[in-house]
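First the structure, in the form of structure tokens, and then the observations on it.
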Amino acid sequence: MHKFLWMLFFAFTIVSCGTDTDAGEFVVGSDYLAINNKVVLIDTMTVEMSTINFDSLVTSNQSRILVGNYDDPIFGKVKSLSYFQLSTDTYNLNIGSGSDTEATNYVLDSISMILRYDNYYYGDTTKVQTFDIHRLTQKVKPNIDDDQFYNNSTLTYDTESLGTISYKPRPTEKDSINIKMNRDFGEALFQKFKKREITDFDSFAEYLKGLVIVPATANSSSVIGFNLTSRLRMYYSKYQSGAEESLIKDFEILVPARQFNSISLDKTGTLIQNLPVSSSKLSSILTSNQGFIQSGSGVACRIDFPNIKQLKQIAENGAIVDAELILKPVNNSYSDQYPLSDSLRVYTADNLNRIGGNLLNSAGKSVFGVLNKKTDEFNENVKYSISIGSFLQKEMLKKSDSRASLILTLPTISKGVNRLVLGDQKHLNNKIQLKIYYISY
């Protein structure tokens with residue numbers, strides 16, 4: 001059917017109807033185009049846009065340490081802390097026979113946290129960012145009857161900083177940063193191993209429950225991603241027979257499910273500061289004809305098609321053979337610091353924003369929004385296109401009064417802070433467009 005449509009589309013001359021056709025609440029105006037009286041292009045259908053806020057997002061087991069904060073001119077104050085549990089492959093210092101005499105030959109040199117970039121960053125990396133590392137006073141353990149952590153999860157930690165660094169991030173030029181840790185903290189941990197007071201994971205986790213990396217509020221410029229090969233490294237030496245041997249002991253994040261990022265967004269003073277509870281929505285009419293999306297914080301864009309069932313009034317027998325939803329990022333809302341994502345994730349949801357699953361095409365494959373980056377003087381070609389023909393056909397034929405919505409998010413929804421601002425149908429410069437190809441037979 002799809003191939004038939006396009007054969008008709010190119011084989012016949014497109015002509016415009018001279019009069020408007022009224023079909024109840026649905027009005028087909030002068031933009032109603034007929035193709036050999038069989039296939040029509042409709043681009044006057046009402047599309048409603050709103051912004052929602054998910055109650056929570058799973059941020060554990062995402063394979064990314066996400067740390068930093070920045071003041072977003074549109075969304076507000078963004079902040080991410082990262083919590084994690086450490087462990088090691090062996091719980092000894094390779095002291096050999098273990099005699100007290102031999103053990104005295106081992107001494108601590110230093111201890112550091114090595115954070116390895118994973119090339120993710122968002123915000124202004126030309127400015128200094130400051131991190132502090134704190135010791136957890138609460139075990140990295142999810143709530144009862146749950147095995148995950150969320151963007152709004154938190155754990156208690158000691159107020160004393162065990163290590164701090166102020167630096168200009170270079171996530172694409174350098175592989176890691178080294179944060180020198182508190183000497184007393186390192187010495188105490190070293191002695192626990194040296195005296196064999198720590199012999200397994202349980203005794204280690206009881207002594208060192210975990211760490212959290214906290215961005216300093218005084219420096220607010222960017223959020224940086226580090227991978228899970230980051231580690232706490234203990235440097236120590238063995239002295240014997242006048243010779244010195246340098247050794248290391250690594251403590252790693254060996255269980256990705258025991259690492260998570262706590263991501264917060266202070267929306268005070270922004271257009272979305274009054275976002276309602278997760279089961280409701282904030283109309284774009286109340287946000288300057290714009291819809292908003294931000295990863296990490298759970299802000300998403302909802303799209304509704306309130307009059308889709310009216311299409312059945314066009315013809316006794318007809319079907320939607322294709323439809324394209326075109327969304328345009330609002331001018332000046334994106335830049336090198338806040339780049340556009342190459343794609344959008346698209347989900348179906350009910351009227352309470354409960355996700356039903358990925359948007360699927362007629363072949364059962366997931367549908368994504370794809371960005372066209374070809375720019376012109378007025379950025380009219382910068383847009384996301386989503387094929388929604390199969391979705392709208394099902395909505396049109398529903399016998400019940402229930403309607404499904406589309407929820408738009410970014411691919412980094414659980415492991416980044418990327419964001420996007422879209423124009424609705426009444427936006428002055430960046431209007432959303434819906435093109436429906438309908439065939440009567």
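Letters A, B, ... go to the chains of the structure tokens in the order shown; residues in each chain start at 1; ligands are counted from 1 in the same order.
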7 Å contact set for region 313-319 of chain A, only C-alpha atoms, chain neighbours under 5 positions out, as a PDB file with C-alpha atoms, in the first residue's frame:
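What follows is the written file part_39.pdb:
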ATOM      1  CA  ALA A  23     -16.210  17.367   8.800  1.00  0.00           C
ATOM      2  CA  GLN A 393      -4.117   4.477  11.860  1.00  0.00           C
ATOM      3  CA  TYR A 438      -4.784   9.304   3.537  1.00  0.00           C
ATOM      4  CA  ILE A 439      -6.244   7.055   0.866  1.00  0.00           C
ATOM      5  CA  SER A 440      -9.920   6.471   0.157  1.00  0.00           C
ATOM      6  CA  TYR A 441     -11.065   3.410  -1.742  1.00  0.00           C
TER       7      TYR A 441
END
Against region 193-197 of chain A, which residues of region 223-255 of chain A fall within 12 Å? For each one I want the closest pair of atoms and the distance in Å (one decimal), counting only C-alpha atoms, rows by chain and increasing residue number, as a tab-separated table.
residue	atom	partner	partner_atom	distance
A:Met234	CA	A:Phe193	CA	11.2
A:Tyr236	CA	A:Lys194	CA	11.0
A:Lys238	CA	A:Lys194	CA	11.9
A:Lys249	CA	A:Phe193	CA	10.4
Selection to disk with C-alpha atoms, as a PDB file, in the first residue's frame:
ATOM      1  CA  MET A 234      46.630   2.559  46.742  1.00  0.00           C
ATOM      2  CA  TYR A 236      52.657   1.176  48.523  1.00  0.00           C
ATOM      3  CA  LYS A 238      58.023  -3.179  49.958  1.00  0.00           C
ATOM      4  CA  LYS A 249      46.304  -2.084  45.059  1.00  0.00           C
TER       5      LYS A 249
END
Interatomic distance, CA of Lys168 (chain A) to CA of Val128 (chain A) (Å, one decimal):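 Interatomic distance, CA of Lys168 (chain A) to CA of Val128 (chain A): 4.6 Å.
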Using only C-alpha atoms, what table do you get, as a Markdown table, when you list each residue of region 103-214 of chain A with an atom no more than 10 Å from region 399-416 of chain A, its nearest pair of atoms, and their distance in Å rounded to one decimal, rows by chain then rising number?
| residue | atom | partner | partner_atom | distance |
| --- | --- | --- | --- | --- |
| A:Tyr120 | CA | A:Gly416 | CA | 8.1 |
| A:Tyr121 | CA | A:Gly416 | CA | 8.3 |
| A:Tyr122 | CA | A:Gly416 | CA | 8.1 |
| A:Tyr150 | CA | A:Ser414 | CA | 8.9 |
| A:Asn151 | CA | A:Ser414 | CA | 7.9 |
Using C-alpha atoms, can you write the selected residues to a file as a JSON list (two decimals), in the first residue's frame?
[["chain", "number", "residue", "atom", "x", "y", "z"],
["A", 120, "TYR", "CA", 30.60, 12.49, 27.59],
["A", 121, "TYR", "CA", 30.24, 16.13, 28.62],
["A", 122, "TYR", "CA", 27.57, 18.81, 28.65],
["A", 150, "TYR", "CA", 17.06, 6.28, 40.66],
["A", 151, "ASN", "CA", 17.86, 9.86, 39.74]]
Would you compute the distance between CA of Lys383 (chain A) and CA of Ile303 (chain A)? Give it in Å to one decimal. 15.9 Å
If you run DSSP on the backbone, which residues of region 88-314 of chain A are strand (DSSP E or B), as number ranges by chain? A: 106-123, 129-136, 150, 157-167, 176-181, 211-215, 222-226, 231-240, 243-252, 259-266, 282-283, 290-294, 299-304
DSSP helix (DSSP H, G or I) selection over region 125-214 of chain A, as a ChimeraX atom specification: /A:183-194,201-207
Within 8 Å of Asp250 (chain A), counting only C-alpha atoms, which residues show up once you throw out same-chain ones fewer than 6 positions away? Write them as an NGL selection string, please. :A and (88 or 231-234)
What lies within 12 Å of Glu173 (chain A) using only C-alpha atoms, ignoring chain neighbours under 3 positions off, as an MDAnalysis selection string? chainID A and resid 116:120 125 168:170 176:177
I'd like to know which of A:Thr126, A:Ser230, A:Ser341, A:Thr137 is closest to Gln259 (chain A), using only C-alpha atoms.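 Closest residue, counting only C-alpha atoms: A:Ser230.
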Please compute the CA of Asn94 (chain A)-CA of Phe201 (chain A) distance, one decimal, in Å. 16.6 Å
Using only C-alpha atoms, which protein or nucleic acid residues come within 12 Å of Asp304 (chain A)? Drop anything in the same chain fewer than 5 positions from it, and give the result as a list of chain:residue names. A:Met45, A:Thr46, A:Val47, A:Glu48, A:Met49, A:Ser50, A:Thr51, A:Lys281, A:Ser283, A:Ser284, A:Leu325, A:Thr348, A:Ala349, A:Asp350, A:Asn351, A:Asn353, A:Phe391, A:Leu392, A:Glu395, A:Ser402, A:Arg403, A:Ala404, A:Ser405, A:Leu406, A:Ile407, A:Leu408, A:Asp424, A:Gln425, A:Leu434
Output of the above residues as a PDB file, in the first residue's frame, restricted to N, CA and C atoms:
ATOM      1  N   MET A  45      -4.252  18.996  10.681  1.00  0.00           N
ATOM      2  CA  MET A  45      -4.696  18.296  11.884  1.00  0.00           C
ATOM      3  C   MET A  45      -4.101  18.938  13.141  1.00  0.00           C
ATOM      4  N   THR A  46      -4.922  19.060  14.179  1.00  0.00           N
ATOM      5  CA  THR A  46      -4.464  19.641  15.442  1.00  0.00           C
ATOM      6  C   THR A  46      -3.477  18.705  16.148  1.00  0.00           C
ATOM      7  N   VAL A  47      -2.374  19.281  16.594  1.00  0.00           N
ATOM      8  CA  VAL A  47      -1.380  18.555  17.386  1.00  0.00           C
ATOM      9  C   VAL A  47      -1.164  19.332  18.677  1.00  0.00           C
ATOM     10  N   GLU A  48      -1.372  18.680  19.803  1.00  0.00           N
ATOM     11  CA  GLU A  48      -1.175  19.341  21.095  1.00  0.00           C
ATOM     12  C   GLU A  48       0.171  18.922  21.691  1.00  0.00           C
ATOM     13  N   MET A  49       0.868  19.895  22.258  1.00  0.00           N
ATOM     14  CA  MET A  49       2.178  19.648  22.873  1.00  0.00           C
ATOM     15  C   MET A  49       2.126  20.046  24.337  1.00  0.00           C
ATOM     16  N   SER A  50       2.799  19.273  25.170  1.00  0.00           N
ATOM     17  CA  SER A  50       2.893  19.602  26.590  1.00  0.00           C
ATOM     18  C   SER A  50       4.197  19.045  27.148  1.00  0.00           C
ATOM     19  N   THR A  51       4.514  19.436  28.362  1.00  0.00           N
ATOM     20  CA  THR A  51       5.716  18.949  29.041  1.00  0.00           C
ATOM     21  C   THR A  51       5.298  18.155  30.273  1.00  0.00           C
ATOM     22  N   LYS A 281       0.170  16.999  33.029  1.00  0.00           N
ATOM     23  CA  LYS A 281       0.978  17.632  31.987  1.00  0.00           C
ATOM     24  C   LYS A 281       0.862  19.145  32.079  1.00  0.00           C
ATOM     25  N   SER A 283       0.673  22.279  29.585  1.00  0.00           N
ATOM     26  CA  SER A 283       0.437  22.620  28.185  1.00  0.00           C
ATOM     27  C   SER A 283       1.458  23.623  27.668  1.00  0.00           C
ATOM     28  N   SER A 284       1.822  23.474  26.396  1.00  0.00           N
ATOM     29  CA  SER A 284       2.748  24.412  25.765  1.00  0.00           C
ATOM     30  C   SER A 284       2.161  25.810  25.684  1.00  0.00           C
ATOM     31  N   LEU A 325       5.620  13.266  11.412  1.00  0.00           N
ATOM     32  CA  LEU A 325       5.600  14.321  12.420  1.00  0.00           C
ATOM     33  C   LEU A 325       6.947  15.027  12.376  1.00  0.00           C
ATOM     34  N   THR A 348       4.928   5.244  23.408  1.00  0.00           N
ATOM     35  CA  THR A 348       3.489   5.445  23.515  1.00  0.00           C
ATOM     36  C   THR A 348       3.125   5.438  24.998  1.00  0.00           C
ATOM     37  N   ALA A 349       2.088   6.205  25.340  1.00  0.00           N
ATOM     38  CA  ALA A 349       1.681   6.304  26.738  1.00  0.00           C
ATOM     39  C   ALA A 349       0.185   6.570  26.821  1.00  0.00           C
ATOM     40  N   ASP A 350      -0.384   6.337  28.022  1.00  0.00           N
ATOM     41  CA  ASP A 350      -1.798   6.624  28.212  1.00  0.00           C
ATOM     42  C   ASP A 350      -1.969   8.049  28.729  1.00  0.00           C
ATOM     43  N   ASN A 351      -3.203   8.400  29.103  1.00  0.00           N
ATOM     44  CA  ASN A 351      -3.473   9.777  29.520  1.00  0.00           C
ATOM     45  C   ASN A 351      -2.832  10.142  30.847  1.00  0.00           C
ATOM     46  N   ASN A 353       0.343   9.323  31.460  1.00  0.00           N
ATOM     47  CA  ASN A 353       1.783   9.296  31.114  1.00  0.00           C
ATOM     48  C   ASN A 353       2.455   7.975  31.483  1.00  0.00           C
ATOM     49  N   PHE A 391       0.854   4.239  13.905  1.00  0.00           N
ATOM     50  CA  PHE A 391       0.289   4.667  15.191  1.00  0.00           C
ATOM     51  C   PHE A 391      -1.033   5.403  14.994  1.00  0.00           C
ATOM     52  N   LEU A 392      -1.075   6.369  14.059  1.00  0.00           N
ATOM     53  CA  LEU A 392      -2.289   7.151  13.843  1.00  0.00           C
ATOM     54  C   LEU A 392      -3.419   6.310  13.260  1.00  0.00           C
ATOM     55  N   GLU A 395      -4.995   4.608  16.115  1.00  0.00           N
ATOM     56  CA  GLU A 395      -5.749   5.569  16.921  1.00  0.00           C
ATOM     57  C   GLU A 395      -7.064   5.939  16.238  1.00  0.00           C
ATOM     58  N   SER A 402     -10.638   6.073  24.654  1.00  0.00           N
ATOM     59  CA  SER A 402      -9.264   6.271  25.112  1.00  0.00           C
ATOM     60  C   SER A 402      -8.361   6.674  23.958  1.00  0.00           C
ATOM     61  N   ARG A 403      -7.388   7.489  24.274  1.00  0.00           N
ATOM     62  CA  ARG A 403      -6.410   7.921  23.265  1.00  0.00           C
ATOM     63  C   ARG A 403      -5.002   7.717  23.820  1.00  0.00           C
ATOM     64  N   ALA A 404      -4.120   7.325  22.951  1.00  0.00           N
ATOM     65  CA  ALA A 404      -2.713   7.195  23.336  1.00  0.00           C
ATOM     66  C   ALA A 404      -1.964   8.469  22.958  1.00  0.00           C
ATOM     67  N   SER A 405      -0.927   8.753  23.703  1.00  0.00           N
ATOM     68  CA  SER A 405      -0.064   9.900  23.430  1.00  0.00           C
ATOM     69  C   SER A 405       1.315   9.402  23.035  1.00  0.00           C
ATOM     70  N   LEU A 406       2.109  10.301  22.480  1.00  0.00           N
ATOM     71  CA  LEU A 406       3.515  10.008  22.228  1.00  0.00           C
ATOM     72  C   LEU A 406       4.349  10.769  23.247  1.00  0.00           C
ATOM     73  N   ILE A 407       5.342  10.107  23.800  1.00  0.00           N
ATOM     74  CA  ILE A 407       6.268  10.726  24.744  1.00  0.00           C
ATOM     75  C   ILE A 407       7.642  10.764  24.101  1.00  0.00           C
ATOM     76  N   LEU A 408       8.230  11.945  24.047  1.00  0.00           N
ATOM     77  CA  LEU A 408       9.532  12.134  23.421  1.00  0.00           C
ATOM     78  C   LEU A 408      10.602  12.337  24.480  1.00  0.00           C
ATOM     79  N   ASP A 424       5.625  24.411  19.359  1.00  0.00           N
ATOM     80  CA  ASP A 424       4.340  23.784  19.092  1.00  0.00           C
ATOM     81  C   ASP A 424       3.723  24.377  17.820  1.00  0.00           C
ATOM     82  N   GLN A 425       2.444  24.099  17.570  1.00  0.00           N
ATOM     83  CA  GLN A 425       1.812  24.538  16.318  1.00  0.00           C
ATOM     84  C   GLN A 425       1.639  26.044  16.220  1.00  0.00           C
ATOM     85  N   LEU A 434       2.465  18.198  11.069  1.00  0.00           N
ATOM     86  CA  LEU A 434       2.005  16.827  10.895  1.00  0.00           C
ATOM     87  C   LEU A 434       1.484  16.670   9.473  1.00  0.00           C
TER      88      LEU A 434
END
Minimum-distance residue to Tyr437 (chain A), chosen among A:Ser264, A:Leu115, A:Ile248, A:Thr44 (using only C-alpha atoms):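 With only C-alpha atoms as the atom set, the closest residue is A:Thr44.
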Which residues are close to region 267-278 of chain A, i.e. within 10 Å by only C-alpha atoms, leaving aside same-chain residues fewer than 6 positions away? Reply as a PDB file with C-alpha atoms, in the first residue's frame.
ATOM      1  CA  THR A  51       5.716  18.949  29.041  1.00  0.00           C
ATOM      2  CA  ILE A  52       5.675  16.207  31.661  1.00  0.00           C
ATOM      3  CA  ASN A  53       8.024  15.092  34.417  1.00  0.00           C
ATOM      4  CA  PHE A  54       8.601  11.407  35.131  1.00  0.00           C
ATOM      5  CA  ASP A  55       8.466  10.492  38.794  1.00  0.00           C
ATOM      6  CA  SER A  56      11.911   8.864  38.593  1.00  0.00           C
ATOM      7  CA  ASP A  72      21.139  26.288  32.408  1.00  0.00           C
ATOM      8  CA  PRO A  73      19.638  29.522  31.016  1.00  0.00           C
ATOM      9  CA  ILE A  74      16.407  27.681  30.100  1.00  0.00           C
ATOM     10  CA  PHE A  75      16.025  24.715  32.452  1.00  0.00           C
ATOM     11  CA  GLY A  76      17.554  26.000  35.702  1.00  0.00           C
ATOM     12  CA  LYS A  77      20.255  24.579  37.967  1.00  0.00           C
ATOM     13  CA  VAL A  78      21.430  21.095  36.966  1.00  0.00           C
ATOM     14  CA  SER A 284       2.748  24.412  25.765  1.00  0.00           C
ATOM     15  CA  LEU A 286       1.520  28.027  29.296  1.00  0.00           C
ATOM     16  CA  THR A 287       5.210  27.756  28.337  1.00  0.00           C
ATOM     17  CA  SER A 288       5.510  30.224  25.446  1.00  0.00           C
ATOM     18  CA  GLN A 290       7.246  25.307  23.666  1.00  0.00           C
ATOM     19  CA  GLY A 291       7.768  21.743  24.836  1.00  0.00           C
ATOM     20  CA  PHE A 292      10.787  20.670  26.887  1.00  0.00           C
ATOM     21  CA  GLY A 298      12.902  13.161  33.785  1.00  0.00           C
ATOM     22  CA  VAL A 299      11.522  16.132  31.834  1.00  0.00           C
ATOM     23  CA  LEU A 352      -1.629   9.385  32.853  1.00  0.00           C
ATOM     24  CA  ASN A 353       1.783   9.296  31.114  1.00  0.00           C
ATOM     25  CA  ARG A 354       2.253   5.606  31.844  1.00  0.00           C
TER      26      ARG A 354
END
Could you tell me which of A:Ile198, A:Ile65, A:Val367, A:Ala243 comes closest to Ile224 (chain A) if we count only C-alpha atoms?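 Distance minimum relative to Ile224 (chain A) lands on A:Ile65.
Within the 12 Å cut-off around Asp89 (chain A), using only C-alpha atoms and omitting residues fewer than 3 positions from it on the same chain, the listed residues are Leu86, Asn92, Leu93, Thr199, Asp200, Phe201, Phe204, Lys249, Asp250, Phe251, Glu252, Ile253, Leu254 and Val255 of chain A.
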Take the residues just selected and output them with N, CA, C and O atoms as a PDB file, in the first residue's frame.
ATOM      1  N   LEU A  86      32.835   0.085  46.138  1.00  0.00           N
ATOM      2  CA  LEU A  86      34.108  -0.432  45.637  1.00  0.00           C
ATOM      3  C   LEU A  86      34.340  -1.859  46.124  1.00  0.00           C
ATOM      4  O   LEU A  86      33.806  -2.278  47.153  1.00  0.00           O
ATOM      5  N   ASN A  92      44.173  -8.952  50.025  1.00  0.00           N
ATOM      6  CA  ASN A  92      45.457  -9.022  50.707  1.00  0.00           C
ATOM      7  C   ASN A  92      46.435  -8.093  49.990  1.00  0.00           C
ATOM      8  O   ASN A  92      46.140  -7.552  48.935  1.00  0.00           O
ATOM      9  N   LEU A  93      47.600  -7.924  50.576  1.00  0.00           N
ATOM     10  CA  LEU A  93      48.635  -7.054  50.011  1.00  0.00           C
ATOM     11  C   LEU A  93      49.812  -7.850  49.456  1.00  0.00           C
ATOM     12  O   LEU A  93      50.910  -7.319  49.294  1.00  0.00           O
ATOM     13  N   THR A 199      39.509  -9.223  55.223  1.00  0.00           N
ATOM     14  CA  THR A 199      39.908 -10.463  54.547  1.00  0.00           C
ATOM     15  C   THR A 199      38.953 -10.873  53.428  1.00  0.00           C
ATOM     16  O   THR A 199      39.241 -11.805  52.684  1.00  0.00           O
ATOM     17  N   ASP A 200      37.805 -10.182  53.330  1.00  0.00           N
ATOM     18  CA  ASP A 200      36.831 -10.522  52.292  1.00  0.00           C
ATOM     19  C   ASP A 200      35.969  -9.298  51.988  1.00  0.00           C
ATOM     20  O   ASP A 200      36.140  -8.231  52.602  1.00  0.00           O
ATOM     21  N   PHE A 201      35.050  -9.477  51.045  1.00  0.00           N
ATOM     22  CA  PHE A 201      34.223  -8.329  50.640  1.00  0.00           C
ATOM     23  C   PHE A 201      33.368  -7.811  51.783  1.00  0.00           C
ATOM     24  O   PHE A 201      33.222  -6.598  51.963  1.00  0.00           O
ATOM     25  N   PHE A 204      35.348  -5.715  54.100  1.00  0.00           N
ATOM     26  CA  PHE A 204      35.753  -4.492  53.407  1.00  0.00           C
ATOM     27  C   PHE A 204      34.587  -3.514  53.298  1.00  0.00           C
ATOM     28  O   PHE A 204      34.718  -2.317  53.604  1.00  0.00           O
ATOM     29  N   LYS A 249      47.494  -1.327  44.726  1.00  0.00           N
ATOM     30  CA  LYS A 249      46.304  -2.084  45.059  1.00  0.00           C
ATOM     31  C   LYS A 249      45.102  -1.289  44.561  1.00  0.00           C
ATOM     32  O   LYS A 249      44.904  -0.143  44.957  1.00  0.00           O
ATOM     33  N   ASP A 250      44.309  -1.886  43.669  1.00  0.00           N
ATOM     34  CA  ASP A 250      43.171  -1.192  43.079  1.00  0.00           C
ATOM     35  C   ASP A 250      41.859  -1.638  43.707  1.00  0.00           C
ATOM     36  O   ASP A 250      41.645  -2.826  43.969  1.00  0.00           O
ATOM     37  N   PHE A 251      40.975  -0.646  43.908  1.00  0.00           N
ATOM     38  CA  PHE A 251      39.614  -0.896  44.360  1.00  0.00           C
ATOM     39  C   PHE A 251      38.687  -0.365  43.273  1.00  0.00           C
ATOM     40  O   PHE A 251      38.701   0.832  42.958  1.00  0.00           O
ATOM     41  N   GLU A 252      37.898  -1.273  42.702  1.00  0.00           N
ATOM     42  CA  GLU A 252      37.144  -0.937  41.504  1.00  0.00           C
ATOM     43  C   GLU A 252      35.633  -1.056  41.710  1.00  0.00           C
ATOM     44  O   GLU A 252      35.168  -1.611  42.708  1.00  0.00           O
ATOM     45  N   ILE A 253      34.888  -0.552  40.719  1.00  0.00           N
ATOM     46  CA  ILE A 253      33.431  -0.700  40.705  1.00  0.00           C
ATOM     47  C   ILE A 253      33.132  -1.978  39.928  1.00  0.00           C
ATOM     48  O   ILE A 253      32.910  -1.957  38.721  1.00  0.00           O
ATOM     49  N   LEU A 254      33.160  -3.092  40.621  1.00  0.00           N
ATOM     50  CA  LEU A 254      33.009  -4.393  39.969  1.00  0.00           C
ATOM     51  C   LEU A 254      31.552  -4.798  39.773  1.00  0.00           C
ATOM     52  O   LEU A 254      31.252  -5.709  39.004  1.00  0.00           O
ATOM     53  N   VAL A 255      30.646  -4.097  40.467  1.00  0.00           N
ATOM     54  CA  VAL A 255      29.209  -4.382  40.324  1.00  0.00           C
ATOM     55  C   VAL A 255      28.523  -3.107  39.836  1.00  0.00           C
ATOM     56  O   VAL A 255      28.235  -2.214  40.641  1.00  0.00           O
TER      57      VAL A 255
END
From the set A:Val140, A:Ala188, A:Ala216, A:Ala363, which residue has the shortest atom-to-atom contact distance to Ile165 (chain A), counting only C-alpha atoms?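 For Ile165 (chain A), the nearest of the candidates is A:Ala216.
Proximity to Gln85 (chain A) was assessed for A:Lys373, A:Arg258, A:Lys398, A:His427 counting only C-alpha atoms; the smallest distance is recorded for A:Arg258.
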